[in-house]
file work-v1.txt (compact mmCIF, C-alpha atoms and all ligand atoms)
# COMPACT_ATOMS: atom_id res chain seq x y z
CA MET U 1 26.13 -33.55 -15.86
CA VAL U 2 26.97 -30.58 -13.72
CA ALA U 3 28.69 -28.79 -16.57
CA LEU U 4 25.54 -28.90 -18.65
CA SER U 5 23.81 -26.41 -16.45
CA LEU U 6 26.47 -23.74 -16.89
CA SER U 7 25.00 -22.36 -20.08
CA VAL U 8 21.66 -22.07 -18.33
CA LEU U 9 23.15 -20.35 -15.32
CA SER U 10 24.78 -17.69 -17.44
CA ALA U 11 21.39 -16.49 -18.59
CA GLN U 12 20.50 -14.64 -15.40
CA THR U 13 19.51 -11.04 -15.99
CA ARG U 14 22.29 -8.55 -15.51
CA ILE U 15 21.17 -5.43 -13.68
CA VAL U 16 23.18 -2.23 -13.76
CA PRO U 17 22.34 0.48 -11.22
CA ASP U 18 21.15 3.82 -12.59
CA LYS U 19 23.26 6.90 -12.24
CA ASN U 20 23.03 8.51 -8.85
CA LYS U 21 24.20 11.95 -7.81
CA TYR U 22 24.13 11.09 -4.13
CA THR U 23 26.97 9.30 -2.41
CA PRO U 24 26.40 5.96 -0.67
CA ALA U 25 27.22 7.79 2.57
CA GLN U 26 24.24 10.06 1.93
CA ASP U 27 22.03 7.03 1.48
CA VAL U 28 23.19 5.85 4.89
CA GLN U 29 22.59 9.21 6.55
CA LEU U 30 19.13 9.62 5.07
CA GLY U 31 18.11 6.13 5.99
CA GLN U 32 19.31 6.40 9.56
CA GLU U 33 17.53 9.67 10.21
CA ALA U 34 14.32 8.33 8.75
CA ALA U 35 14.66 5.05 10.66
CA ALA U 36 14.98 6.91 13.97
CA GLU U 37 11.71 8.70 13.19
CA VAL U 38 10.01 5.51 12.14
CA LYS U 39 10.90 3.88 15.45
CA LYS U 40 9.41 6.82 17.33
CA GLU U 41 6.20 6.89 15.34
CA LEU U 42 5.36 3.27 14.65
CA PRO U 43 4.83 0.57 17.30
CA MET U 44 7.71 -1.87 17.12
CA LEU U 45 6.85 -5.42 18.09
CA ASN U 46 10.01 -5.72 20.23
CA ASP U 47 9.78 -9.48 20.54
CA ASP U 48 13.27 -10.98 20.70
CA ARG U 49 12.34 -14.29 19.21
CA VAL U 50 10.55 -12.82 16.19
CA ASP U 51 13.21 -10.14 15.71
CA ASN U 52 16.00 -12.72 15.81
CA TYR U 53 14.15 -14.85 13.31
CA VAL U 54 13.80 -12.00 10.84
CA GLU U 55 17.40 -10.91 11.43
CA ASP U 56 18.65 -14.41 10.66
CA ILE U 57 16.79 -14.48 7.35
CA GLY U 58 18.08 -10.98 6.63
CA SER U 59 21.70 -11.81 7.31
CA ARG U 60 21.52 -14.83 5.00
CA LEU U 61 20.10 -12.61 2.28
CA VAL U 62 22.78 -9.96 2.83
CA ASN U 63 25.34 -12.65 2.03
CA GLY U 64 23.57 -13.12 -1.30
CA ILE U 65 24.04 -9.50 -2.43
CA PRO U 66 26.45 -9.45 -5.40
CA SER U 67 29.84 -7.95 -4.57
CA ASP U 68 29.53 -4.98 -6.91
CA LEU U 69 26.44 -3.83 -5.01
CA ARG U 70 27.97 -4.10 -1.55
CA HIS U 71 28.49 -0.63 -0.21
CA PRO U 72 30.79 -0.63 2.79
CA GLY U 73 28.76 1.85 4.84
CA PHE U 74 25.42 0.13 4.31
CA ARG U 75 24.07 -1.61 7.33
CA TYR U 76 21.06 -3.82 6.87
CA THR U 77 18.83 -3.93 9.93
CA PHE U 78 15.48 -5.65 10.32
CA ASP U 79 12.63 -4.66 12.61
CA VAL U 80 9.10 -5.92 12.94
CA VAL U 81 6.30 -3.35 13.24
CA ASN U 82 3.31 -4.43 15.27
CA GLN U 83 0.95 -3.47 12.47
CA LYS U 84 -1.77 -5.55 10.91
CA GLU U 85 -1.68 -4.39 7.31
CA ILE U 86 0.50 -6.39 4.95
CA ASN U 87 3.47 -4.21 4.24
CA ALA U 88 7.22 -3.87 4.40
CA PHE U 89 9.59 -1.09 3.49
CA ALA U 90 13.31 -0.42 3.42
CA LEU U 91 15.14 2.87 3.74
CA PRO U 92 18.29 3.98 1.92
CA GLY U 93 21.44 2.43 3.37
CA GLY U 94 19.67 -0.58 4.81
CA PRO U 95 17.07 -0.18 7.61
CA MET U 96 14.17 -2.50 6.82
CA PHE U 97 10.78 -2.69 8.53
CA LEU U 98 8.41 -5.61 8.19
CA ASN U 99 4.82 -5.44 9.32
CA ARG U 100 3.66 -8.26 11.55
CA GLY U 101 0.70 -8.65 9.16
CA MET U 102 3.12 -9.60 6.41
CA LEU U 103 4.69 -12.32 8.55
CA GLU U 104 1.25 -13.60 9.43
CA ALA U 105 0.07 -13.65 5.81
CA ALA U 106 3.13 -15.45 4.44
CA LYS U 107 2.80 -19.17 3.83
CA SER U 108 6.45 -20.05 4.29
CA GLU U 109 9.81 -18.69 5.36
CA GLY U 110 10.71 -18.49 1.67
CA GLU U 111 7.80 -16.10 1.10
CA VAL U 112 9.02 -13.86 3.92
CA ALA U 113 12.51 -14.02 2.43
CA GLY U 114 11.00 -13.06 -0.94
CA VAL U 115 9.61 -9.76 0.32
CA MET U 116 12.82 -9.06 2.20
CA ALA U 117 14.99 -9.83 -0.83
CA HIS U 118 12.88 -7.51 -2.97
CA GLU U 119 13.23 -4.67 -0.45
CA MET U 120 16.92 -5.38 -0.05
CA ALA U 121 17.41 -5.18 -3.80
CA HIS U 122 15.86 -1.68 -3.83
CA VAL U 123 18.39 -0.67 -1.17
CA ALA U 124 21.42 -2.33 -2.79
CA LEU U 125 20.56 -0.79 -6.17
CA ARG U 126 20.08 2.54 -4.35
CA HIS U 127 16.73 3.09 -6.00
CA GLY U 128 15.66 5.75 -3.50
CA THR U 129 18.42 8.20 -4.25
CA ALA U 130 18.60 7.15 -7.90
CA GLN U 131 14.99 8.18 -8.22
CA ALA U 132 15.69 11.40 -6.35
CA THR U 133 18.52 12.00 -8.83
CA LYS U 134 16.03 11.88 -11.67
CA GLY U 135 13.65 14.05 -9.74
CA GLU U 136 16.33 16.83 -9.54
CA LYS U 137 16.86 19.70 -7.09
CA PHE U 138 15.80 18.26 -3.74
CA GLN U 139 17.51 19.34 -0.56
CA ILE U 140 19.11 16.35 0.96
CA GLY U 141 18.57 17.59 4.52
CA ALA U 142 14.83 17.77 4.08
CA ILE U 143 14.46 14.25 2.90
CA ALA U 144 14.39 12.25 6.11
CA GLY U 145 11.25 13.84 7.48
CA GLN U 146 9.58 13.49 4.15
CA VAL U 147 10.35 9.82 4.05
CA LEU U 148 8.42 9.41 7.22
CA GLY U 149 5.58 11.37 5.71
CA ALA U 150 5.36 8.84 2.98
CA ILE U 151 5.62 5.87 5.30
CA VAL U 152 3.21 6.91 7.97
CA GLY U 153 1.05 8.95 5.65
CA GLY U 154 0.87 6.06 3.29
CA ALA U 155 0.03 3.61 5.99
CA ALA U 156 -2.29 5.69 8.04
CA GLY U 157 -3.89 8.37 5.97
CA SER U 158 -2.45 11.75 6.83
CA ILE U 159 -1.07 12.16 10.28
CA ILE U 160 1.94 14.01 8.97
CA SER U 161 1.52 17.74 8.82
CA GLN U 162 1.27 19.89 5.76
CA GLY U 163 5.01 20.02 5.27
CA SER U 164 5.27 16.72 3.55
CA GLN U 165 2.45 16.95 1.03
CA PHE U 166 3.73 15.04 -1.93
CA GLY U 167 7.03 14.89 -0.18
CA LEU U 168 10.21 13.51 -1.42
CA GLY U 169 9.45 10.54 0.70
CA THR U 170 7.46 9.03 -2.07
CA TYR U 171 10.71 8.65 -3.92
CA PHE U 172 11.91 6.21 -1.33
CA MET U 173 8.72 4.27 -1.09
CA LYS U 174 7.10 4.18 -4.46
CA TYR U 175 9.05 3.12 -7.45
CA GLY U 176 8.29 2.94 -11.12
CA ARG U 177 7.85 -0.21 -13.10
CA GLU U 178 11.45 -0.50 -14.17
CA TYR U 179 12.74 -0.35 -10.59
CA GLU U 180 10.13 -2.84 -9.49
CA ARG U 181 11.25 -5.23 -12.17
CA GLN U 182 14.88 -4.72 -11.20
CA ALA U 183 14.10 -5.35 -7.53
CA ASP U 184 12.21 -8.53 -8.43
CA LEU U 185 15.03 -9.91 -10.57
CA MET U 186 17.86 -8.82 -8.28
CA GLY U 187 15.85 -10.05 -5.31
CA ALA U 188 15.47 -13.43 -7.00
CA GLN U 189 19.23 -13.61 -7.57
CA ILE U 190 19.93 -12.66 -3.95
CA MET U 191 17.53 -15.34 -2.75
CA ALA U 192 19.12 -18.08 -4.83
CA ARG U 193 22.60 -17.21 -3.60
CA ALA U 194 21.32 -17.10 -0.03
CA GLY U 195 19.73 -20.56 -0.33
CA TYR U 196 16.07 -19.66 -0.86
CA ASP U 197 14.03 -20.70 -3.88
CA PRO U 198 13.27 -17.46 -5.77
CA ARG U 199 9.89 -18.83 -6.87
CA GLU U 200 8.82 -18.24 -3.29
CA MET U 201 9.00 -14.52 -4.04
CA ALA U 202 6.57 -14.96 -6.90
CA ASN U 203 4.34 -17.00 -4.59
CA MET U 204 4.45 -14.27 -1.96
CA PHE U 205 3.23 -11.66 -4.38
CA ARG U 206 0.28 -13.93 -5.14
CA THR U 207 -0.28 -14.39 -1.42
CA ILE U 208 -0.26 -10.62 -0.91
CA GLN U 209 -2.60 -10.04 -3.82
CA ALA U 210 -5.00 -12.68 -2.58
CA GLN U 211 -5.23 -10.90 0.78
CA GLY U 212 -5.87 -7.62 -0.96
CA GLY U 213 -9.59 -7.08 -0.82
CA GLY U 214 -10.73 -3.79 -2.29
CA GLY U 215 -7.78 -1.51 -2.88
CA GLY U 216 -5.13 -4.14 -2.32
CA PRO U 217 -2.56 -4.02 0.46
CA GLU U 218 -0.31 -1.00 0.76
CA TRP U 219 2.61 -3.10 -0.35
CA MET U 220 1.08 -3.56 -3.78
CA SER U 221 0.57 0.13 -4.32
CA ASP U 222 4.10 0.91 -3.13
CA HIS U 223 5.53 -1.80 -5.35
CA PRO U 224 3.26 -1.91 -8.40
CA ASP U 225 3.28 -4.97 -10.62
CA PRO U 226 5.26 -4.03 -13.74
CA GLY U 227 3.13 -6.57 -15.58
CA ASN U 228 3.58 -10.31 -15.85
CA ARG U 229 5.41 -10.28 -12.53
CA TYR U 230 4.80 -13.86 -11.49
CA ASN U 231 5.93 -15.24 -14.82
CA TYR U 232 9.13 -13.30 -15.22
CA ILE U 233 10.22 -14.10 -11.65
CA VAL U 234 9.63 -17.79 -12.26
CA LYS U 235 11.52 -17.50 -15.55
CA GLU U 236 14.44 -15.78 -13.83
CA ALA U 237 14.36 -18.47 -11.16
CA SER U 238 14.83 -21.11 -13.83
CA THR U 239 18.19 -19.54 -14.70
CA LEU U 240 19.37 -19.63 -11.09
CA ARG U 241 20.77 -22.38 -8.96
CA VAL U 242 19.63 -22.27 -5.35
CA GLU U 243 22.78 -22.62 -3.27
CA GLY U 244 22.06 -24.83 -0.31
CA ASN U 245 18.93 -24.65 1.78
CA ALA U 246 18.61 -21.64 4.05
CA ASN U 247 15.24 -22.62 5.44
CA SER U 248 15.53 -22.54 9.24
CA GLY U 249 12.43 -24.63 9.92
CA GLN U 250 11.31 -22.05 12.49
CA PHE U 251 8.48 -20.57 10.47
CA PRO U 252 5.60 -22.59 11.98
CA SER U 253 6.56 -21.77 15.54
CA ILE U 254 7.11 -18.09 14.72
CA GLN U 255 3.67 -17.86 13.14
CA ALA U 256 2.16 -19.70 16.08
CA ARG U 257 3.81 -17.24 18.40
CA LEU U 258 2.45 -14.25 16.48
CA ARG U 259 -1.04 -15.72 16.39
CA SER U 260 -1.01 -16.18 20.12
CA MET U 261 -0.24 -12.52 20.78
CA SER U 262 -2.89 -9.87 21.18
CA PRO U 263 -3.84 -8.51 17.74
CA ALA U 264 -1.56 -6.14 15.85
CA TYR U 265 -2.54 -2.48 15.58
CA THR U 266 -4.33 -1.28 12.49
CA ALA U 267 -2.99 1.66 10.53
CA GLU U 268 -5.99 3.62 11.77
CA GLN U 269 -5.20 2.90 15.43
CA ILE U 270 -1.61 3.92 14.87
CA ALA U 271 -2.69 7.13 13.16
CA LYS U 272 -4.91 7.96 16.12
CA GLY U 273 -2.02 7.43 18.48
CA GLN U 274 -3.62 4.40 20.12
CA ALA U 275 -0.50 2.34 19.69
CA ARG U 276 1.70 4.84 21.49
CA SER U 277 0.89 3.82 25.01
CA SER U 278 1.91 0.23 24.55
CA LYS U 279 5.25 -0.02 22.92
CA GLN U 280 6.14 -2.79 25.33
CA PRO U 281 6.81 -6.31 24.18
CA VAL U 282 3.49 -7.98 23.52
CA GLY U 283 3.90 -11.02 25.74
CA THR U 284 5.12 -9.79 29.11
CA SER U 285 6.78 -13.11 29.84
CA GLY U 286 8.34 -12.89 26.41
CA ARG U 287 6.56 -16.07 25.45
CA ALA U 288 3.44 -16.92 23.55
CA VAL U 289 0.38 -18.13 25.41
CA VAL U 290 -1.83 -20.42 23.39
CA LYS U 291 -5.48 -20.60 24.44
CA VAL U 292 -7.10 -23.88 23.59
CA ASP U 293 -10.40 -25.42 24.70
CA PRO U 294 -10.15 -28.50 26.96
CA PRO U 295 -10.89 -31.93 25.48
CA ALA U 296 -14.62 -32.40 24.81
CA SER U 297 -16.33 -35.16 26.75
CA GLN U 298 -17.95 -36.43 23.56
CA TYR U 299 -15.71 -38.55 21.32
CA ARG U 300 -15.65 -38.99 17.59
CA THR U 301 -14.23 -41.99 15.72
CA TYR U 302 -11.88 -41.78 12.75
CA SER U 303 -10.17 -44.21 10.40
CA ALA U 304 -6.56 -43.43 9.69
CA ALA U 305 -3.90 -44.80 7.37
CA ASP U 306 -6.18 -47.66 6.18
CA PHE U 307 -5.56 -49.78 9.24
CA LEU U 308 -6.39 -47.72 12.32
CA ARG U 309 -9.61 -46.74 14.01
CA VAL U 310 -9.42 -44.31 16.86
CA SER U 311 -11.78 -42.17 18.91
CA VAL U 312 -10.70 -38.69 19.98
CA PRO U 313 -12.44 -35.80 21.76
CA ALA U 314 -15.04 -34.35 19.41
CA ASN U 315 -13.37 -30.93 19.37
CA TRP U 316 -10.15 -32.39 17.92
CA ASP U 317 -9.68 -32.49 14.17
CA PRO U 318 -7.43 -34.74 12.10
CA VAL U 319 -4.47 -33.11 10.37
CA GLY U 320 -2.18 -35.09 8.12
CA ASP U 321 1.53 -34.55 7.72
CA ARG U 322 3.90 -35.32 4.90
CA ASP U 323 5.34 -38.43 6.49
CA GLY U 324 1.96 -40.10 6.44
CA GLY U 325 1.37 -39.58 10.14
CA VAL U 326 -1.79 -38.03 11.47
CA THR U 327 -2.40 -35.64 14.33
CA TYR U 328 -5.68 -35.01 16.13
CA ALA U 329 -5.61 -31.60 17.74
CA PRO U 330 -8.01 -28.94 19.01
CA GLU U 331 -8.24 -25.57 17.31
CA GLY U 332 -5.21 -23.49 18.23
CA GLY U 333 -3.19 -26.55 19.16
CA PHE U 334 -1.64 -27.40 15.83
CA PHE U 335 0.63 -25.50 13.47
CA GLN U 336 1.80 -26.38 10.01
CA GLY U 337 4.41 -24.64 7.93
CA GLU U 338 6.29 -25.11 4.72
CA ASN U 339 7.49 -28.55 3.69
CA GLY U 340 4.90 -30.12 5.92
CA GLN U 341 6.74 -29.23 9.12
CA THR U 342 4.37 -29.43 12.02
CA ALA U 343 4.26 -28.43 15.65
CA PHE U 344 1.50 -29.12 18.10
CA THR U 345 0.89 -28.11 21.69
CA HIS U 346 -2.26 -30.13 22.41
CA GLY U 347 -3.51 -33.45 21.07
CA VAL U 348 -2.22 -36.78 19.85
CA GLN U 349 -0.10 -37.82 16.93
CA PHE U 350 0.16 -41.24 15.34
CA GLY U 351 3.01 -42.44 13.19
CA VAL U 352 4.87 -45.54 12.12
CA ALA U 353 8.61 -45.98 12.59
CA GLN U 354 11.04 -48.68 11.56
CA GLY U 355 11.43 -51.46 14.05
CA SER U 356 13.84 -54.26 14.86
CA GLY U 357 11.36 -56.66 16.41
CA ASN U 358 12.35 -55.67 19.95
CA LEU U 359 9.71 -53.21 21.14
CA GLN U 360 11.63 -52.00 24.16
CA ARG U 361 14.73 -51.18 22.14
CA ASP U 362 12.70 -49.68 19.30
CA THR U 363 10.89 -47.45 21.77
CA GLN U 364 14.17 -46.18 23.18
CA GLN U 365 15.39 -45.41 19.68
CA LEU U 366 12.21 -43.56 18.95
CA VAL U 367 12.68 -41.42 22.07
CA GLN U 368 16.23 -40.65 20.97
CA GLY U 369 14.91 -39.69 17.55
CA PHE U 370 12.41 -37.28 19.07
CA ALA U 371 15.12 -35.87 21.32
CA ARG U 372 17.16 -34.86 18.29
CA SER U 373 14.47 -32.43 17.17
CA ASN U 374 13.35 -31.60 20.74
CA PRO U 375 16.54 -30.93 22.70
CA ASP U 376 14.69 -30.40 26.00
CA LEU U 377 12.97 -33.77 25.89
CA GLN U 378 13.37 -35.68 29.18
CA SER U 379 12.18 -38.92 30.64
CA THR U 380 10.04 -38.32 33.73
CA GLY U 381 9.52 -41.85 34.97
CA SER U 382 9.80 -45.45 34.04
CA ALA U 383 8.10 -46.91 31.02
CA ARG U 384 5.20 -49.24 31.77
CA ARG U 385 3.63 -52.12 29.91
CA GLU U 386 0.21 -51.22 28.67
CA SER U 387 -2.03 -52.81 26.11
CA ILE U 388 -2.30 -50.70 22.95
CA GLY U 389 -5.01 -51.62 20.50
CA GLY U 390 -5.26 -55.07 22.11
CA ARG U 391 -1.53 -55.74 21.70
CA GLN U 392 1.41 -55.57 24.00
CA GLY U 393 2.55 -52.03 24.27
CA ILE U 394 4.77 -49.66 26.19
CA THR U 395 3.82 -46.23 27.49
CA THR U 396 6.66 -43.88 28.36
CA PRO U 397 6.18 -40.61 30.31
CA LEU U 398 8.24 -37.69 29.03
CA SER U 399 8.42 -33.95 29.32
CA ASN U 400 9.59 -31.29 26.94
CA VAL U 401 9.80 -27.52 26.56
CA SER U 402 7.40 -26.46 23.82
CA GLU U 403 9.03 -24.68 20.94
CA VAL U 404 5.80 -22.79 20.44
CA THR U 405 5.04 -21.58 23.95
CA GLY U 406 8.34 -21.94 25.77
CA GLN U 407 6.43 -23.72 28.55
CA ARG U 408 7.04 -27.18 29.88
CA GLU U 409 4.77 -29.76 28.32
CA TYR U 410 3.56 -33.16 29.34
CA ILE U 411 4.14 -35.96 26.87
CA THR U 412 3.28 -39.62 26.76
CA LEU U 413 4.63 -41.92 24.13
CA SER U 414 2.88 -45.23 23.53
CA THR U 415 4.25 -47.86 21.20
CA THR U 416 3.25 -51.24 19.88
CA GLN U 417 4.46 -53.51 17.15
CA LEU U 418 2.84 -53.95 13.75
CA ARG U 419 2.88 -57.29 11.98
CA ASP U 420 5.63 -56.26 9.59
CA GLY U 421 7.95 -55.48 12.52
CA SER U 422 7.57 -51.71 12.36
CA VAL U 423 6.42 -49.68 15.36
CA LEU U 424 3.14 -47.83 15.66
CA TYR U 425 3.46 -44.92 18.04
CA MET U 426 1.11 -42.43 19.60
CA ILE U 427 2.36 -39.24 21.22
CA GLY U 428 0.09 -37.23 23.47
CA VAL U 429 1.09 -33.63 24.14
CA ALA U 430 -0.37 -31.05 26.53
CA PRO U 431 0.91 -28.14 28.61
CA GLN U 432 2.22 -29.43 31.95
CA PRO U 433 -0.43 -27.62 34.06
CA GLU U 434 -3.15 -29.43 32.11
CA ALA U 435 -1.49 -32.84 32.28
CA THR U 436 -4.16 -34.45 34.46
CA THR U 437 -7.03 -33.40 32.22
CA TYR U 438 -5.25 -34.47 29.10
CA GLU U 439 -3.91 -37.75 30.46
CA THR U 440 -7.52 -38.82 30.96
CA ALA U 441 -8.19 -38.06 27.31
CA PHE U 442 -4.99 -39.72 26.11
CA ARG U 443 -5.88 -42.90 28.00
CA ARG U 444 -9.31 -42.98 26.41
CA VAL U 445 -7.76 -42.47 22.99
CA ARG U 446 -5.27 -45.32 23.61
CA GLN U 447 -8.03 -47.62 24.78
CA SER U 448 -10.16 -46.87 21.73
CA LEU U 449 -7.45 -47.81 19.29
CA GLN U 450 -8.15 -50.67 16.86
CA ILE U 451 -5.36 -51.92 14.65
CA ALA U 452 -6.10 -53.96 11.50
CA ASP U 453 -2.76 -54.35 9.74
CA ARG U 454 -2.05 -57.51 7.77
ZN ZN U 501 9.46 -2.70 -4.91
call {"tool": "encode", "arguments": {"input": "work-v1.txt", "output": "structure tokens"}}
result
Amino acid sequence: MVALSLSVLSAQTRIVPDKNKYTPAQDVQLGQEAAAEVKKELPMLNDDRVDNYVEDIGSRLVNGIPSDLRHPGFRYTFDVVNQKEINAFALPGGPMFLNRGMLEAAKSEGEVAGVMAHEMAHVALRHGTAQATKGEKFQIGAIAGQVLGAIVGGAAGSIISQGSQFGLGTYFMKYGREYERQADLMGAQIMARAGYDPREMANMFRTIQAQGGGGGPEWMSDHPDPGNRYNYIVKEASTLRVEGNANSGQFPSIQARLRSMSPAYTAEQIAKGQARSSKQPVGTSGRAVVKVDPPASQYRTYSAADFLRVSVPANWDPVGDRDGGVTYAPEGGFFQGENGQTAFTHGVQFGVAQGSGNLQRDTQQLVQGFARSNPDLQSTGSARRESIGGRQGITTPLSNVSEVTGQREYITLSTTQLRDGSVLYMIGVAPQPEATTYETAFRRVRQSLQIADR
């Protein structure tokens, strides 16, 4: 069965780089000079956690670059710009800059990887200097400043002085249809080898377009659609085998972290120099702070999973997850990413787990299961018997360090048995400083629970 796919795999599009009168070393030099300017002029986010996240995706993609396009001097670096507009750009030789707005607009890690793979393909195929080769007679030394003209000018109107005008920089930032198509196809191939589904790139372009509004995001004008883009990427993807699964699972918590920061700068603010004074990391503690309203005193009743009725504070909303569980959380307290991965900082979650008939042992196993995905999970006291939905139950106090906020959080796990031997559980989560307030709510939720399984 495996052999059958070989003929399909061989159909991937072969891309040959254009002729280029510059040396790869010149790509590197140009890119580094321009990158130094970019870092002076644009506000970098400088958040370790977000930077590391993007660097991890980037290094997986670098491993997916085909060997004939690996230039020894190229060094791929990845920085996040604290800018709202959806954009990303890469400079010759490897420096790549991703706007925070792009990370916030993406719907999955694969979509982020899609934009990065596209940009990386431009770099690996040396499109910047290849285009300059076609454009003849430019002085190599003058290029770096011009690149910046295109970047900042493009993003912010015209803060760059006369010198740049229609500078060479445009050659590094705006490509023709053929190079766009090449970057899409090569980017798709890089993604598949790196373990990302290339169709996510096609999805990302739709995501970007959907956010466009009037003129469309800068990214779209820098990387114009050669026509039929979505379809040919999906078609190329069908010829590729995705090798492994590179998805880190961190996307929801990274997005949550970004959303909790003060807003990104607009291009206009950057152009006016308003971003200059605060190039510091956005969260001074280095961690996100999530602001969420306390539990309402009014309660609202929901039916869940056909056999539960439960009342929760009226400002909590139900959110389903892929495993059939349900979470009730206030606005700002719940995060969902690709593949149904969820994280929540405030609220309660209900789920059903396999059971052995021994509630105490099943509860311990459940705690161990949670500890596997929450390494900082700790027991903070002894479990107590407590009626849950009119049945015998166990409530276990725990604490954890939130992946979203980095702060200690208060957790209670309540379990009871269903008639088929499985275990119904409810987890309440709140930041440790708000434990008292939330424990009152959790208790009310537990007491409201009605179970009607058969
Ligand atoms: Zn492009």
call {"tool": "residues_near_ligand", "arguments": {"input": "work-v1.txt", "ligand": "ligand ZN 501 (chain U)", "cutoff": "7 Å", "atoms": "all atoms listed in the file", "output": "list in words"}}
result
His118, Glu119, His122, Tyr175, Tyr179, Glu180, Ala183, Asp222 and His223 of chain U
call {"tool": "closest_residue", "arguments": {"input": "work-v1.txt", "among": "U:Val319, U:Arg446, U:Ser399, U:Gly357", "to": "U:Glu386", "atoms": "only C-alpha atoms"}}
result
U:Arg446
call {"tool": "atom_distance", "arguments": {"input": "work-v1.txt", "atom1": "atom CA of U:Pro43", "atom2": "atom CA of U:Asn82"}}
result
5.6 Å
call {"tool": "residues_near_point", "arguments": {"input": "work-v1.txt", "point": "(6.8, -15.9, 4.2)", "cutoff": "10 Å", "atoms": "all atoms listed in the file", "output": "list in words"}}
result
Met102, Leu103, Glu104, Ala105, Ala106, Lys107, Ser108, Glu109, Gly110, Glu111, Val112, Ala113, Gly114, Val115, Met116, Glu200, Met201, Asn203, Met204, Thr207, Phe251, Gln255, Gly337 and Glu338 of chain U
call {"tool": "closest_residue", "arguments": {"input": "work-v1.txt", "among": "U:Lys19, U:Val80, U:Glu85, U:Gln354", "to": "U:Gln269", "atoms": "all atoms listed in the file"}}
result
U:Glu85
call {"tool": "atom_distance", "arguments": {"input": "work-v1.txt", "atom1": "atom CA of U:Gly355", "atom2": "atom CA of U:Ala452"}}
result
17.9 Å
call {"tool": "closest_residue", "arguments": {"input": "work-v1.txt", "among": "U:Val54, U:Ala202, U:Val367, U:Ala188", "to": "U:Leu398", "atoms": "only C-alpha atoms"}}
result
U:Val367
call {"tool": "atom_distance", "arguments": {"input": "work-v1.txt", "atom1": "atom CA of U:Gly176", "atom2": "atom CA of U:Ile15"}}
result
15.6 Å
call {"tool": "residues_around", "arguments": {"input": "work-v1.txt", "residues": "U:Ala130", "least_positions_apart": "3", "cutoff": "12 Å", "atoms": "all atoms listed in the file", "output": "MDAnalysis selection string"}}
result
chainID U and resid 16:24 26:27 92 122:127 133:136 171:172 175:176 179
call {"tool": "closest_atom_pairs", "arguments": {"input": "work-v1.txt", "of": "stretch 387-428 of chain U", "to": "stretch 306-312 of chain U", "cutoff": "12 Å", "atoms": "only C-alpha atoms", "output": "JSON lines"}}
result
{"residue": "U:Ile388", "atom": "CA", "partner": "U:Val310", "partner_atom": "CA", "distance": 11.3}
{"residue": "U:Gly389", "atom": "CA", "partner": "U:Leu308", "partner_atom": "CA", "distance": 9.2}
{"residue": "U:Leu418", "atom": "CA", "partner": "U:Phe307", "partner_atom": "CA", "distance": 10.4}
{"residue": "U:Arg419", "atom": "CA", "partner": "U:Phe307", "partner_atom": "CA", "distance": 11.6}
{"residue": "U:Leu424", "atom": "CA", "partner": "U:Leu308", "partner_atom": "CA", "distance": 10.1}
{"residue": "U:Tyr425", "atom": "CA", "partner": "U:Leu308", "partner_atom": "CA", "distance": 11.7}
{"residue": "U:Met426", "atom": "CA", "partner": "U:Val310", "partner_atom": "CA", "distance": 11.0}
{"residue": "U:Gly428", "atom": "CA", "partner": "U:Val312", "partner_atom": "CA", "distance": 11.4}
call {"tool": "write_last_selection", "arguments": {"input": "work-v1.txt", "atoms": "C-alpha atoms", "output": "PDB file, in the coordinates of the input"}}
result
ATOM      1  CA  ILE U 388      -2.300 -50.700  22.950  1.00  0.00           C
ATOM      2  CA  GLY U 389      -5.010 -51.620  20.500  1.00  0.00           C
ATOM      3  CA  LEU U 418       2.840 -53.950  13.750  1.00  0.00           C
ATOM      4  CA  ARG U 419       2.880 -57.290  11.980  1.00  0.00           C
ATOM      5  CA  LEU U 424       3.140 -47.830  15.660  1.00  0.00           C
ATOM      6  CA  TYR U 425       3.460 -44.920  18.040  1.00  0.00           C
ATOM      7  CA  MET U 426       1.110 -42.430  19.600  1.00  0.00           C
ATOM      8  CA  GLY U 428       0.090 -37.230  23.470  1.00  0.00           C
TER       9      GLY U 428
END
call {"tool": "closest_residue", "arguments": {"input": "work-v1.txt", "among": "U:Pro72, U:Leu258, U:Ala305, U:Ile65", "to": "U:Gly187", "atoms": "all atoms listed in the file"}}
result
U:Ile65
call {"tool": "closest_atom_pairs", "arguments": {"input": "work-v1.txt", "of": "stretch 219-286 of chain U", "to": "stretch 192-197 of chain U", "cutoff": "8 Å", "atoms": "only C-alpha atoms", "output": "CSV"}}
result
residue,atom,partner,partner_atom,distance
U:Ala237,CA,U:Asp197,CA,7.6
U:Leu240,CA,U:Ala192,CA,6.5
U:Arg241,CA,U:Ala192,CA,6.2
U:Val242,CA,U:Ala192,CA,4.3
U:Glu243,CA,U:Gly195,CA,4.7
U:Gly244,CA,U:Gly195,CA,4.9
U:Asn245,CA,U:Gly195,CA,4.7
U:Ala246,CA,U:Gly195,CA,4.6
U:Asn247,CA,U:Tyr196,CA,7.0
call {"tool": "residues_around", "arguments": {"input": "work-v1.txt", "residues": "U:Glu178", "least_positions_apart": "4", "cutoff": "10 Å", "atoms": "all atoms listed in the file", "output": "number ranges by chain"}}
result
U: 182-184, 225-226
call {"tool": "closest_atom_pairs", "arguments": {"input": "work-v1.txt", "of": "stretch 388-444 of chain U", "to": "stretch 358-366 of chain U", "cutoff": "8 Å", "atoms": "only C-alpha atoms", "output": "CSV"}}
result
residue,atom,partner,partner_atom,distance
U:Gly393,CA,U:Leu359,CA,7.9
U:Ile394,CA,U:Gln360,CA,7.5
U:Thr415,CA,U:Thr363,CA,6.7
U:Thr416,CA,U:Leu359,CA,6.9
U:Gln417,CA,U:Leu359,CA,6.6
U:Val423,CA,U:Asp362,CA,7.4
